[in-house]
Amino acid sequence: MSVIWSDRKRTLFGLPLSFTKYTITEDKLLIESGFFSKNEEEIRLYRIMDVTLRRSFGQRIFGVGTIHCCSADKSTPEFDIKSIKDSKEIKNLLSDMVEEERAKKRVSMREFTDDSDVHDID
């Protein structure tokens, strides 16, 4: 498993003084949090459906931003990659990698939608 990108959530003045670490590998995003009790969330890239960049005025001053993601993952349908450096570049990297993984696995958005309300008319 090769690491493509890794960073920590930044807090005070954009410094990485937190216990939340984000890692992007070739096919998944890992979110590790906690100091005494550790929690690691794993989201497969092909399951991410939407990626949005949010940057408040304070975040822009300190050169950080938050990437909000919506996914088809049952345990983590929405999550944030909070207060990271180079957020615009990382959002673009993540978006491109999601599309590459979908193409590689031949996954389309149709597989994530609920077809229970679709009616065939003959």
# chains A, B, ... in the order shown; residues from 1 in each chain; ligands from 1
$ closest_atom_pairs --of "segment 2-38 of chain A" --to "segment 77-100 of chain A" --cutoff "7 Å" --atoms "only C-alpha atoms" --output "JSON lines"
{"residue": "A:Asp7", "atom": "CA", "partner": "A:Ile84", "partner_atom": "CA", "distance": 7.0}
{"residue": "A:Arg8", "atom": "CA", "partner": "A:Ile84", "partner_atom": "CA", "distance": 6.8}
{"residue": "A:Lys9", "atom": "CA", "partner": "A:Ser83", "partner_atom": "CA", "distance": 5.3}
{"residue": "A:Arg10", "atom": "CA", "partner": "A:Ser83", "partner_atom": "CA", "distance": 5.2}
$ write_last_selection --atoms "C-alpha atoms" --output "PDB file, in the first residue's frame"
ATOM      1  CA  ASP A   7      -1.524  15.200   6.485  1.00  0.00           C
ATOM      2  CA  ARG A   8      -2.924  16.049   9.891  1.00  0.00           C
ATOM      3  CA  LYS A   9      -5.904  18.183  10.766  1.00  0.00           C
ATOM      4  CA  ARG A  10      -4.573  21.641  11.487  1.00  0.00           C
TER       5      ARG A  10
END
$ select_by_dssp --residues "chain A" --states "strand (DSSP E or B)" --output "PyMOL selection string"
chain A and resi 3-8+20-25+28-33+39-44+48-54+64-71+78-85
$ closest_residue --among "A:Asp27, A:Asp73, A:Val51, A:Phe19" --to "Asn39 of chain A" --atoms "only C-alpha atoms"
A:Phe19
$ closest_residue --among "A:Ser18, A:Ser108, A:Thr52, A:Thr23" --to "His68 of chain A" --atoms "only C-alpha atoms"
A:Thr52
$ closest_residue --among "A:Ser56, A:Thr11, A:Phe36, A:Arg44" --to "Lys74 of chain A" --atoms "only C-alpha atoms"
A:Arg44
$ atom_distance --atom1 "atom CA of Ser6 of chain A" --atom2 "atom CA of Lys21 of chain A"
7.3 Å
$ residues_around --residues "Glu41 of chain A" --least-positions-apart "4" --cutoff "10 Å" --atoms "only C-alpha atoms" --output "VMD selection string"
chain A and resid 22 29 to 33 75 to 76
$ write_last_selection --atoms "N, CA and C atoms" --output "JSON list (two decimals), in the first residue's frame"
[["chain", "number", "residue", "atom", "x", "y", "z"],
["A", 22, "TYR", "N", -5.05, 12.14, 8.08],
["A", 22, "TYR", "CA", -5.69, 11.73, 6.84],
["A", 22, "TYR", "C", -4.63, 11.14, 5.91],
["A", 29, "LEU", "N", -9.18, 6.05, 1.24],
["A", 29, "LEU", "CA", -8.92, 7.17, 2.11],
["A", 29, "LEU", "C", -9.02, 6.67, 3.53],
["A", 30, "LEU", "N", -8.02, 6.94, 4.34],
["A", 30, "LEU", "CA", -8.01, 6.53, 5.73],
["A", 30, "LEU", "C", -8.08, 7.76, 6.62],
["A", 31, "ILE", "N", -8.96, 7.72, 7.62],
["A", 31, "ILE", "CA", -9.06, 8.79, 8.60],
["A", 31, "ILE", "C", -8.81, 8.17, 9.96],
["A", 32, "GLU", "N", -7.70, 8.53, 10.56],
["A", 32, "GLU", "CA", -7.32, 7.99, 11.87],
["A", 32, "GLU", "C", -7.43, 9.11, 12.89],
["A", 33, "SER", "N", -8.15, 8.85, 13.98],
["A", 33, "SER", "CA", -8.32, 9.89, 15.00],
["A", 33, "SER", "C", -8.17, 9.28, 16.39],
["A", 75, "SER", "N", -21.31, 3.05, 6.68],
["A", 75, "SER", "CA", -20.94, 3.55, 8.00],
["A", 75, "SER", "C", -20.54, 5.03, 7.99],
["A", 76, "THR", "N", -20.15, 5.55, 6.84],
["A", 76, "THR", "CA", -19.72, 6.95, 6.74],
["A", 76, "THR", "C", -20.27, 7.58, 5.47]]
$ atom_distance --atom1 "atom CA of Ser71 of chain A" --atom2 "atom CA of Asp50 of chain A"
6.9 Å
$ atom_distance --atom1 "atom CA of Leu12 of chain A" --atom2 "atom CA of Val64 of chain A"
11.1 Å
$ select_by_dssp --residues "segment 57-96 of chain A" --states "helix (DSSP H, G or I)" --output "ChimeraX atom specification"
/A:57-61,87-96
$ closest_residue --among "A:Leu17, A:Ile48, A:Ala72, A:Ala103" --to "Phe35 of chain A" --atoms "only C-alpha atoms"
A:Leu17
